[in-house]
$ cat start.cif   # mmCIF, C-alpha atoms
data_protein
#
loop_
_atom_site.label_atom_id
_atom_site.label_comp_id
_atom_site.auth_asym_id
_atom_site.auth_seq_id
_atom_site.Cartn_x
_atom_site.Cartn_y
_atom_site.Cartn_z
CA MET A 1250 20.97 7.08 2.08
CA GLU A 1251 21.76 7.73 -1.56
CA ARG A 1252 19.57 9.68 -3.95
CA LYS A 1253 19.29 7.73 -7.21
CA GLU A 1254 16.92 10.01 -9.15
CA THR A 1255 15.53 13.52 -8.99
CA HIS A 1256 13.11 15.10 -11.46
CA ALA A 1257 11.36 18.46 -11.34
CA SER A 1258 7.60 17.87 -11.42
CA PHE A 1259 4.81 20.45 -11.09
CA GLY A 1260 7.02 22.77 -9.09
CA GLY A 1261 8.14 20.01 -6.74
CA GLU A 1262 10.59 17.12 -6.91
CA GLN A 1263 10.08 13.45 -7.71
CA GLU A 1264 12.96 11.56 -6.12
CA VAL A 1265 14.08 7.96 -5.67
CA TRP A 1266 16.35 7.03 -2.77
CA ARG A 1267 18.23 3.88 -1.77
CA HIS A 1268 19.10 2.97 1.81
CA LYS A 1269 20.12 0.04 3.98
CA SER A 1270 16.99 -1.33 5.61
CA VAL A 1271 17.35 -2.88 9.05
CA SER A 1272 13.96 -4.59 8.77
CA LEU A 1273 14.67 -6.16 5.39
CA GLY A 1274 18.38 -6.74 5.83
CA VAL A 1275 19.13 -5.44 2.33
CA GLU A 1276 19.38 -2.22 0.38
CA ALA A 1277 15.90 -0.91 -0.48
CA ASN A 1278 14.49 1.75 -2.79
CA PHE A 1279 11.67 4.17 -2.11
CA ALA A 1280 10.23 7.01 -4.15
CA ILE A 1281 9.12 10.31 -2.65
CA TYR A 1282 7.29 13.19 -4.28
CA LEU A 1283 7.87 16.49 -2.49
CA PRO A 1284 5.40 19.22 -3.53
CA PRO A 1285 6.54 22.84 -3.96
CA GLN A 1286 5.17 23.69 -0.50
CA ALA A 1287 7.83 21.41 1.03
CA LYS A 1288 10.48 23.97 0.11
CA THR A 1289 9.23 26.26 2.89
CA GLU A 1290 7.22 24.10 5.31
CA LYS A 1291 6.54 20.56 6.46
CA VAL A 1292 3.75 18.78 4.59
CA PRO A 1293 1.51 15.76 5.29
CA VAL A 1294 2.55 12.47 3.67
CA LEU A 1295 0.59 9.70 1.97
CA TYR A 1296 2.17 6.25 1.82
CA TRP A 1297 1.35 4.33 -1.35
CA LEU A 1298 1.68 0.52 -1.50
CA SER A 1299 1.85 -1.03 -4.96
CA GLY A 1300 0.73 -4.43 -6.20
CA LEU A 1301 2.22 -7.67 -7.45
CA THR A 1302 5.27 -7.40 -9.74
CA CYS A 1303 5.64 -3.66 -9.06
CA THR A 1304 8.60 -1.65 -7.80
CA GLU A 1305 8.68 1.94 -6.53
CA GLN A 1306 8.63 2.99 -10.19
CA ASN A 1307 5.12 1.91 -11.19
CA PHE A 1308 3.18 4.45 -9.18
CA ILE A 1309 5.41 7.42 -9.88
CA GLY A 1310 5.46 6.75 -13.62
CA LYS A 1311 1.87 5.67 -14.26
CA ALA A 1312 -0.54 7.10 -11.68
CA GLY A 1313 -0.18 10.77 -12.61
CA ALA A 1314 -0.42 11.80 -8.97
CA GLN A 1315 2.19 14.56 -8.90
CA ARG A 1316 0.02 17.34 -10.34
CA VAL A 1317 -2.71 16.96 -7.71
CA ALA A 1318 -0.19 16.34 -4.91
CA ALA A 1319 1.45 19.65 -5.83
CA GLU A 1320 -1.92 21.39 -5.81
CA LEU A 1321 -2.82 19.95 -2.41
CA GLY A 1322 0.60 20.31 -0.83
CA ILE A 1323 1.16 16.68 0.15
CA ALA A 1324 4.13 14.35 -0.14
CA ILE A 1325 3.73 10.81 -1.47
CA VAL A 1326 6.06 7.97 -0.50
CA ALA A 1327 6.06 4.76 -2.55
CA PRO A 1328 8.28 1.91 -1.30
CA ASP A 1329 9.20 -1.19 -3.25
CA THR A 1330 6.89 -4.19 -2.86
CA SER A 1331 9.43 -6.61 -1.38
CA PRO A 1332 13.07 -7.05 -0.42
CA ARG A 1333 15.31 -7.69 -3.41
CA GLY A 1334 18.83 -8.74 -4.25
CA VAL A 1335 21.30 -11.59 -4.26
CA GLY A 1336 20.64 -13.86 -1.32
CA VAL A 1337 16.98 -12.82 -1.00
CA ALA A 1338 14.62 -15.77 -1.41
CA ASP A 1339 12.59 -15.77 -4.60
CA ASP A 1340 10.21 -17.88 -6.65
CA ASP A 1341 9.69 -18.30 -10.39
CA ALA A 1342 6.02 -17.35 -10.06
CA TYR A 1343 5.01 -13.68 -10.29
CA ASP A 1344 2.84 -13.87 -7.18
CA LEU A 1345 5.44 -15.07 -4.67
CA GLY A 1346 8.88 -13.86 -3.67
CA GLN A 1347 10.53 -10.72 -5.01
CA GLY A 1348 7.86 -8.29 -6.13
CA ALA A 1349 5.25 -10.01 -3.96
CA GLY A 1350 6.04 -9.24 -0.32
CA PHE A 1351 2.40 -8.91 0.76
CA TYR A 1352 3.32 -6.34 3.45
CA LEU A 1353 3.58 -8.91 6.23
CA ASN A 1354 6.38 -10.33 8.40
CA ALA A 1355 7.26 -13.81 7.19
CA THR A 1356 7.88 -16.48 9.80
CA GLN A 1357 8.78 -19.41 7.53
CA GLU A 1358 12.03 -20.29 5.81
CA PRO A 1359 13.45 -19.29 3.41
CA TRP A 1360 11.42 -16.07 3.64
CA ALA A 1361 11.80 -15.04 7.29
CA ALA A 1362 15.28 -13.55 6.94
CA HIS A 1363 14.23 -10.67 4.67
CA TYR A 1364 10.47 -10.61 4.10
CA ARG A 1365 9.48 -8.19 6.86
CA MET A 1366 7.60 -5.61 4.83
CA TYR A 1367 5.10 -4.98 7.64
CA ASP A 1368 7.80 -3.69 9.97
CA TYR A 1369 9.38 -1.76 7.13
CA VAL A 1370 6.20 0.06 6.06
CA VAL A 1371 4.73 0.66 9.51
CA THR A 1372 7.83 1.61 11.50
CA GLU A 1373 11.17 1.86 9.72
CA LEU A 1374 10.24 3.78 6.58
CA PRO A 1375 8.07 6.46 8.27
CA ALA A 1376 10.79 7.05 10.87
CA LEU A 1377 13.32 7.53 8.09
CA ILE A 1378 11.02 9.80 6.08
CA GLU A 1379 10.10 11.98 9.05
CA ALA A 1380 13.74 12.35 10.07
CA SER A 1381 15.06 13.09 6.58
CA PHE A 1382 12.41 15.10 4.73
CA PRO A 1383 10.14 18.10 5.45
CA VAL A 1384 7.02 16.10 6.35
CA THR A 1385 4.71 16.06 9.35
CA GLN A 1386 3.41 13.06 11.28
CA GLN A 1387 0.05 13.44 9.54
CA ARG A 1388 0.01 10.22 7.55
CA GLY A 1389 -2.36 8.51 5.17
CA ILE A 1390 -2.00 5.11 3.55
CA ALA A 1391 -3.32 3.84 0.23
CA GLY A 1392 -2.55 1.18 -2.34
CA HIS A 1393 -3.51 -0.97 -5.30
CA SER A 1394 -4.32 -4.70 -5.41
CA MET A 1395 -1.79 -6.42 -3.08
CA GLY A 1396 -0.96 -2.91 -1.90
CA GLY A 1397 -4.62 -2.14 -1.34
CA PHE A 1398 -4.74 -5.17 0.94
CA GLY A 1399 -1.61 -3.90 2.68
CA ALA A 1400 -3.03 -0.43 3.20
CA ILE A 1401 -6.32 -1.65 4.69
CA MET A 1402 -4.65 -4.31 6.84
CA ILE A 1403 -2.01 -1.93 8.18
CA ALA A 1404 -4.52 0.82 8.97
CA LEU A 1405 -6.79 -1.60 10.82
CA ARG A 1406 -3.87 -2.95 12.86
CA ASN A 1407 -2.51 0.47 13.82
CA PRO A 1408 -5.21 2.69 15.34
CA GLY A 1409 -4.31 6.37 15.50
CA ARG A 1410 -1.36 6.07 13.12
CA TYR A 1411 -3.11 7.17 9.91
CA ARG A 1412 -5.58 9.91 9.13
CA SER A 1413 -7.02 8.08 6.11
CA VAL A 1414 -6.95 4.74 4.33
CA SER A 1415 -8.01 4.02 0.77
CA ALA A 1416 -7.47 1.39 -1.90
CA PHE A 1417 -7.91 0.49 -5.53
CA SER A 1418 -8.92 -3.09 -6.35
CA PRO A 1419 -7.72 -4.49 -3.00
CA ILE A 1420 -7.37 -8.14 -2.04
CA VAL A 1421 -9.75 -7.91 0.90
CA ALA A 1422 -10.06 -11.60 1.81
CA PRO A 1423 -6.55 -13.05 1.48
CA THR A 1424 -7.38 -16.19 3.44
CA GLN A 1425 -10.12 -17.07 0.95
CA VAL A 1426 -8.58 -16.35 -2.46
CA PRO A 1427 -5.71 -17.99 -4.39
CA TRP A 1428 -3.27 -15.07 -4.25
CA GLY A 1429 -3.56 -14.76 -0.49
CA GLU A 1430 -3.66 -18.47 0.29
CA LYS A 1431 -0.49 -19.04 -1.72
CA ALA A 1432 1.40 -16.16 -0.11
CA PHE A 1433 0.20 -16.79 3.43
CA SER A 1434 0.99 -20.51 3.19
CA ALA A 1435 4.53 -19.74 2.08
CA TYR A 1436 5.30 -16.80 4.35
CA LEU A 1437 3.32 -17.74 7.48
CA GLY A 1438 3.04 -21.52 7.23
CA PRO A 1439 0.12 -23.95 7.15
CA ASP A 1440 -1.41 -22.96 10.50
CA ARG A 1441 -4.27 -20.71 9.45
CA ALA A 1442 -4.59 -19.35 12.97
CA SER A 1443 -1.46 -17.30 12.28
CA TRP A 1444 -3.10 -15.80 9.18
CA VAL A 1445 -5.82 -14.01 11.15
CA ALA A 1446 -3.48 -11.18 12.18
CA TYR A 1447 -3.25 -10.08 8.54
CA ASP A 1448 -6.82 -10.75 7.38
CA PRO A 1449 -8.89 -7.57 6.86
CA LEU A 1450 -12.14 -9.52 7.30
CA GLU A 1451 -11.08 -10.54 10.80
CA LEU A 1452 -9.39 -7.23 11.62
CA VAL A 1453 -12.45 -5.16 10.77
CA ARG A 1454 -14.48 -7.13 13.31
CA THR A 1455 -12.08 -6.35 16.15
CA ALA A 1456 -10.68 -2.96 15.11
CA LYS A 1457 -10.15 -0.50 17.98
CA GLU A 1458 -10.55 2.47 15.62
CA ARG A 1459 -13.32 2.91 13.06
CA LEU A 1460 -11.29 4.76 10.45
CA PRO A 1461 -13.47 5.00 7.31
CA VAL A 1462 -12.21 2.93 4.37
CA LEU A 1463 -12.48 4.21 0.78
CA ILE A 1464 -12.32 1.63 -2.03
CA ASP A 1465 -12.56 2.03 -5.78
CA GLN A 1466 -13.17 -1.18 -7.72
CA GLY A 1467 -13.46 -1.60 -11.48
CA LEU A 1468 -16.27 -3.87 -12.63
CA ALA A 1469 -14.28 -4.98 -15.69
CA ASP A 1470 -11.41 -6.13 -13.46
CA GLN A 1471 -10.36 -9.60 -14.58
CA PHE A 1472 -9.49 -10.54 -10.98
CA LEU A 1473 -12.71 -9.28 -9.38
CA LYS A 1474 -14.58 -12.54 -8.78
CA GLU A 1475 -11.71 -14.90 -8.00
CA GLN A 1476 -9.10 -12.78 -6.22
CA LEU A 1477 -10.59 -9.52 -4.91
CA ARG A 1478 -14.10 -10.22 -3.55
CA PRO A 1479 -14.94 -6.70 -2.24
CA GLU A 1480 -18.42 -7.83 -1.27
CA LEU A 1481 -16.90 -9.88 1.57
CA LEU A 1482 -15.35 -6.81 3.19
CA GLN A 1483 -18.53 -4.85 2.55
CA GLU A 1484 -20.53 -7.44 4.49
CA ALA A 1485 -17.96 -7.65 7.31
CA ALA A 1486 -17.87 -3.87 7.62
CA ARG A 1487 -21.64 -3.64 7.72
CA ASN A 1488 -21.81 -6.24 10.50
CA ALA A 1489 -19.09 -4.45 12.48
CA GLY A 1490 -20.47 -0.94 12.09
CA GLN A 1491 -17.40 0.04 10.08
CA GLU A 1492 -17.82 2.85 7.53
CA LEU A 1493 -16.87 1.58 4.08
CA ILE A 1494 -17.20 3.63 0.90
CA LEU A 1495 -17.18 1.21 -2.03
CA ASN A 1496 -17.25 2.84 -5.46
CA LEU A 1497 -17.95 0.31 -8.20
CA ARG A 1498 -16.70 1.69 -11.51
CA PRO A 1499 -18.23 0.25 -14.71
CA ASP A 1500 -15.81 -0.50 -17.58
CA TYR A 1501 -12.59 -0.10 -15.55
CA ASP A 1502 -10.08 -2.94 -15.26
CA HIS A 1503 -7.18 -3.73 -12.89
CA SER A 1504 -4.59 -1.53 -14.56
CA TYR A 1505 -2.95 1.78 -13.74
CA TYR A 1506 -5.28 3.39 -16.28
CA PHE A 1507 -7.91 2.80 -13.58
CA VAL A 1508 -5.69 4.15 -10.82
CA ALA A 1509 -4.82 7.25 -12.85
CA SER A 1510 -8.49 7.91 -13.52
CA PHE A 1511 -9.40 8.25 -9.83
CA ILE A 1512 -6.16 8.93 -7.97
CA ALA A 1513 -7.10 12.60 -7.54
CA ASP A 1514 -10.18 11.52 -5.56
CA HIS A 1515 -8.00 9.52 -3.16
CA LEU A 1516 -5.51 12.33 -2.65
CA ARG A 1517 -8.31 14.78 -1.93
CA TYR A 1518 -9.89 12.23 0.39
CA PHE A 1519 -6.67 12.10 2.39
CA VAL A 1520 -6.54 15.90 2.62
CA SER A 1521 -10.19 16.04 3.73
CA LYS A 1522 -9.27 13.90 6.74
CA LEU A 1523 -6.56 16.31 7.87
CA ARG A 1524 -9.07 18.97 8.91
#
$ encode --input "start.cif" --output "structure tokens"
Amino acid sequence: MERKETHASFGGEQEVWRHKSVSLGVEANFAIYLPPQAKTEKVPVLYWLSGLTCTEQNFIGKAGAQRVAAELGIAIVAPDTSPRGVGVADDDAYDLGQGAGFYLNATQEPWAAHYRMYDYVVTELPALIEASFPVTQQRGIAGHSMGGFGAIMIALRNPGRYRSVSAFSPIVAPTQVPWGEKAFSAYLGPDRASWVAYDPLELVRTAKERLPVLIDQGLADQFLKEQLRPELLQEAARNAGQELILNLRPDYDHSYYFVASFIADHLRYFVSKLR
């Protein structure tokens, strides 16, 4: 591992590291915020998954999470959103390829060789973080847009692994909206039966753990009606007896201005689930 950046922030350290990922088969970046408490003890860690076109930089530079993370004594890890580099498959469109990994394991060429973000986020990255930094195995997971989908999907598929799950503006029905249909078709192929394993609407019906889900959604979000469809997850959760907290926020759009406005609530939510 090589540390690429370090910045003092609210008594702690905001760092960016680069390492060789076995899952992805390439060098990968992740950001980690270590609060001041991490200088003397191990701290819980929240994994943040970002959205389309993002890198590890978007969250750490725009969300304004460090101040509250320092207050609460939690670490935050933000990986990149896809494998990157020469030899990694890509597409000219913003919503496929590099910057658009969708947190799944691709099975189709040319994507299968490197696009294994599910394995990376669920297994490889936490193992690396827990072995290399002063963090506990108390984990939460959260994200925005494509990353909100990833957080919900991963939490539902991995009972007992996370203490909390929350999302901003998540893609909750990827098999029914253009972003998801495009990505799933490319990465998983035309057989929709293989898509079910990554579909929150299906996963919530069969989940072995009823971990409450917190969602914040802006009502001025330009992608709300076509791409996000939170009402579909709300209905599926109601039918399954799954606790879902859906906060609809008037006037807020899809941007990091929205995330920054309510990120403190999500960090405190994570901490409330540690007790």
$ atom_distance --input "start.cif" --atom1 "CA of Gln1476 (chain A)" --atom2 "CA of Phe1398 (chain A)"
11.3 Å
$ resolve_selection --input "start.cif" --expression "the PyMOL selection byres ((chain A and resi 1322-1337) around 6)" --output "list in words"
Phe1279, Ala1280, Ile1281, Tyr1282, Leu1283, Pro1284, Gln1286, Val1292, Pro1293, Val1294, Leu1295, Tyr1296, Trp1297, Thr1304, Glu1305, Ala1318, Ala1319, Glu1320, Leu1321, Ala1338, Gln1347, Gly1348, Ala1349 and Gly1350 of chain A
$ closest_residue --input "start.cif" --among "A:Ile1309, A:Leu1495, A:Leu1450, A:Leu1460" --to "His1256 (chain A)" --atoms "only C-alpha atoms"
A:Ile1309
$ resolve_selection --input "start.cif" --expression "the PyMOL selection byres ((chain A and resi 1259) around 7)" --output "PyMOL selection string"
chain A and resi 1257-1258+1260-1261+1315-1316+1319
$ residues_around --input "start.cif" --residues "Tyr1364 (chain A)" --least-positions-apart "3" --cutoff "10 Å" --atoms "all atoms listed in the file" --output "PyMOL selection string"
chain A and resi 1272-1274+1331-1333+1337-1338+1346-1347+1349-1361+1367-1369+1436
$ residues_around --input "start.cif" --residues "Ile1390 (chain A)" --least-positions-apart "3" --cutoff "10 Å" --atoms "all atoms listed in the file" --output "ChimeraX atom specification"
/A:1294-1298,1325-1326,1370,1396-1397,1399-1401,1403-1404,1410-1416,1519
$ residues_around --input "start.cif" --residues "Leu1405 (chain A)" --least-positions-apart "2" --cutoff "7 Å" --atoms "all atoms listed in the file" --output "list in words"
Ile1401, Met1402, Ile1403, Asn1407, Pro1408, Leu1452, Val1453 and Ala1456 of chain A
$ write_last_selection --input "start.cif" --atoms "C-alpha atoms" --output "PDB file, keeping the file's coordinate frame"
ATOM      1  CA  ILE A1401      -6.320  -1.650   4.690  1.00  0.00           C
ATOM      2  CA  MET A1402      -4.650  -4.310   6.840  1.00  0.00           C
ATOM      3  CA  ILE A1403      -2.010  -1.930   8.180  1.00  0.00           C
ATOM      4  CA  ASN A1407      -2.510   0.470  13.820  1.00  0.00           C
ATOM      5  CA  PRO A1408      -5.210   2.690  15.340  1.00  0.00           C
ATOM      6  CA  LEU A1452      -9.390  -7.230  11.620  1.00  0.00           C
ATOM      7  CA  VAL A1453     -12.450  -5.160  10.770  1.00  0.00           C
ATOM      8  CA  ALA A1456     -10.680  -2.960  15.110  1.00  0.00           C
TER       9      ALA A1456
END
$ resolve_selection --input "start.cif" --expression "the PyMOL selection byres ((chain A and resi 1444) around 12)" --output "ChimeraX atom specification"
/A:1353-1356,1402,1422-1425,1429-1443,1445-1452
$ closest_residue --input "start.cif" --among "A:Arg1498, A:Arg1487, A:Arg1517, A:Lys1522" --to "Val1317 (chain A)" --atoms "all atoms listed in the file"
A:Arg1517
$ atom_distance --input "start.cif" --atom1 "CA of Val1271 (chain A)" --atom2 "CA of Val1421 (chain A)"
28.7 Å
$ atom_distance --input "start.cif" --atom1 "CA of Glu1276 (chain A)" --atom2 "CA of Arg1388 (chain A)"
24.1 Å
$ closest_residue --input "start.cif" --among "A:Pro1419, A:Pro1375, A:Gly1392, A:Gly1313" --to "Leu1482 (chain A)" --atoms "only C-alpha atoms"
A:Pro1419
$ build_atoms --input "start.cif" --residues "region 1484-1495 of chain A" --atoms "all heavy atoms" --output "CSV table (one decimal), in the frame of the given file"
chain,number,residue,atom,x,y,z
A,1484,GLU,N,-19.7,-6.8,3.5
A,1484,GLU,CA,-20.5,-7.4,4.5
A,1484,GLU,C,-19.9,-7.4,5.9
A,1484,GLU,O,-20.6,-7.1,6.9
A,1484,GLU,CB,-20.7,-8.9,4.1
A,1484,GLU,CG,-21.6,-9.7,5.0
A,1484,GLU,CD,-21.8,-11.1,4.6
A,1484,GLU,OE1,-21.2,-11.5,3.7
A,1484,GLU,OE2,-22.6,-11.8,5.3
A,1485,ALA,N,-18.6,-7.7,6.0
A,1485,ALA,CA,-18.0,-7.6,7.3
A,1485,ALA,C,-18.0,-6.3,7.9
A,1485,ALA,O,-18.2,-6.1,9.1
A,1485,ALA,CB,-16.5,-8.1,7.2
A,1486,ALA,N,-17.8,-5.2,7.1
A,1486,ALA,CA,-17.9,-3.9,7.6
A,1486,ALA,C,-19.3,-3.5,8.1
A,1486,ALA,O,-19.4,-2.9,9.1
A,1486,ALA,CB,-17.4,-2.9,6.5
A,1487,ARG,N,-20.3,-3.9,7.3
A,1487,ARG,CA,-21.6,-3.6,7.7
A,1487,ARG,C,-22.0,-4.3,9.1
A,1487,ARG,O,-22.5,-3.7,10.0
A,1487,ARG,CB,-22.6,-4.2,6.6
A,1487,ARG,CG,-24.1,-3.8,6.9
A,1487,ARG,CD,-25.0,-4.4,5.9
A,1487,ARG,NE,-24.6,-4.0,4.5
A,1487,ARG,CZ,-24.2,-4.8,3.6
A,1487,ARG,NH1,-24.0,-6.1,3.8
A,1487,ARG,NH2,-23.9,-4.3,2.4
A,1488,ASN,N,-21.5,-5.5,9.2
A,1488,ASN,CA,-21.8,-6.2,10.5
A,1488,ASN,C,-21.1,-5.6,11.7
A,1488,ASN,O,-21.5,-5.7,12.8
A,1488,ASN,CB,-21.4,-7.7,10.3
A,1488,ASN,CG,-22.3,-8.5,9.4
A,1488,ASN,OD1,-23.5,-8.0,9.1
A,1488,ASN,ND2,-21.8,-9.6,8.8
A,1489,ALA,N,-19.9,-5.0,11.4
A,1489,ALA,CA,-19.1,-4.4,12.5
A,1489,ALA,C,-19.4,-3.0,12.7
A,1489,ALA,O,-18.8,-2.4,13.7
A,1489,ALA,CB,-17.6,-4.6,12.1
A,1490,GLY,N,-20.2,-2.4,11.9
A,1490,GLY,CA,-20.5,-0.9,12.1
A,1490,GLY,C,-19.3,-0.1,11.6
A,1490,GLY,O,-19.1,1.0,12.1
A,1491,GLN,N,-18.6,-0.6,10.6
A,1491,GLN,CA,-17.4,0.0,10.1
A,1491,GLN,C,-17.8,0.8,8.8
A,1491,GLN,O,-18.4,0.2,7.9
A,1491,GLN,CB,-16.3,-1.0,9.7
A,1491,GLN,CG,-15.2,-0.5,8.8
A,1491,GLN,CD,-14.3,0.4,9.6
A,1491,GLN,OE1,-13.8,0.1,10.6
A,1491,GLN,NE2,-14.0,1.6,8.9
A,1492,GLU,N,-17.5,2.1,8.7
A,1492,GLU,CA,-17.8,2.8,7.5
A,1492,GLU,C,-16.9,2.4,6.4
A,1492,GLU,O,-15.7,2.4,6.4
A,1492,GLU,CB,-17.6,4.3,7.8
A,1492,GLU,CG,-18.0,5.2,6.6
A,1492,GLU,CD,-17.9,6.7,6.8
A,1492,GLU,OE1,-17.6,7.1,7.9
A,1492,GLU,OE2,-18.1,7.4,5.8
A,1493,LEU,N,-17.6,2.0,5.3
A,1493,LEU,CA,-16.9,1.6,4.1
A,1493,LEU,C,-17.5,2.3,2.9
A,1493,LEU,O,-18.7,2.1,2.7
A,1493,LEU,CB,-16.9,0.1,3.9
A,1493,LEU,CG,-16.4,-0.5,2.6
A,1493,LEU,CD1,-14.9,-0.3,2.5
A,1493,LEU,CD2,-16.7,-2.0,2.5
A,1494,ILE,N,-16.7,3.0,2.1
A,1494,ILE,CA,-17.2,3.6,0.9
A,1494,ILE,C,-16.7,2.8,-0.3
A,1494,ILE,O,-15.5,2.8,-0.5
A,1494,ILE,CB,-16.7,5.1,0.8
A,1494,ILE,CG1,-17.1,5.9,2.0
A,1494,ILE,CG2,-17.2,5.8,-0.5
A,1494,ILE,CD1,-16.2,7.1,2.2
A,1495,LEU,N,-17.6,2.1,-0.9
A,1495,LEU,CA,-17.2,1.2,-2.0
A,1495,LEU,C,-17.7,1.8,-3.3
A,1495,LEU,O,-18.9,1.7,-3.6
A,1495,LEU,CB,-17.7,-0.2,-1.8
A,1495,LEU,CG,-17.4,-1.2,-2.9
A,1495,LEU,CD1,-15.9,-1.4,-3.2
A,1495,LEU,CD2,-18.1,-2.6,-2.5
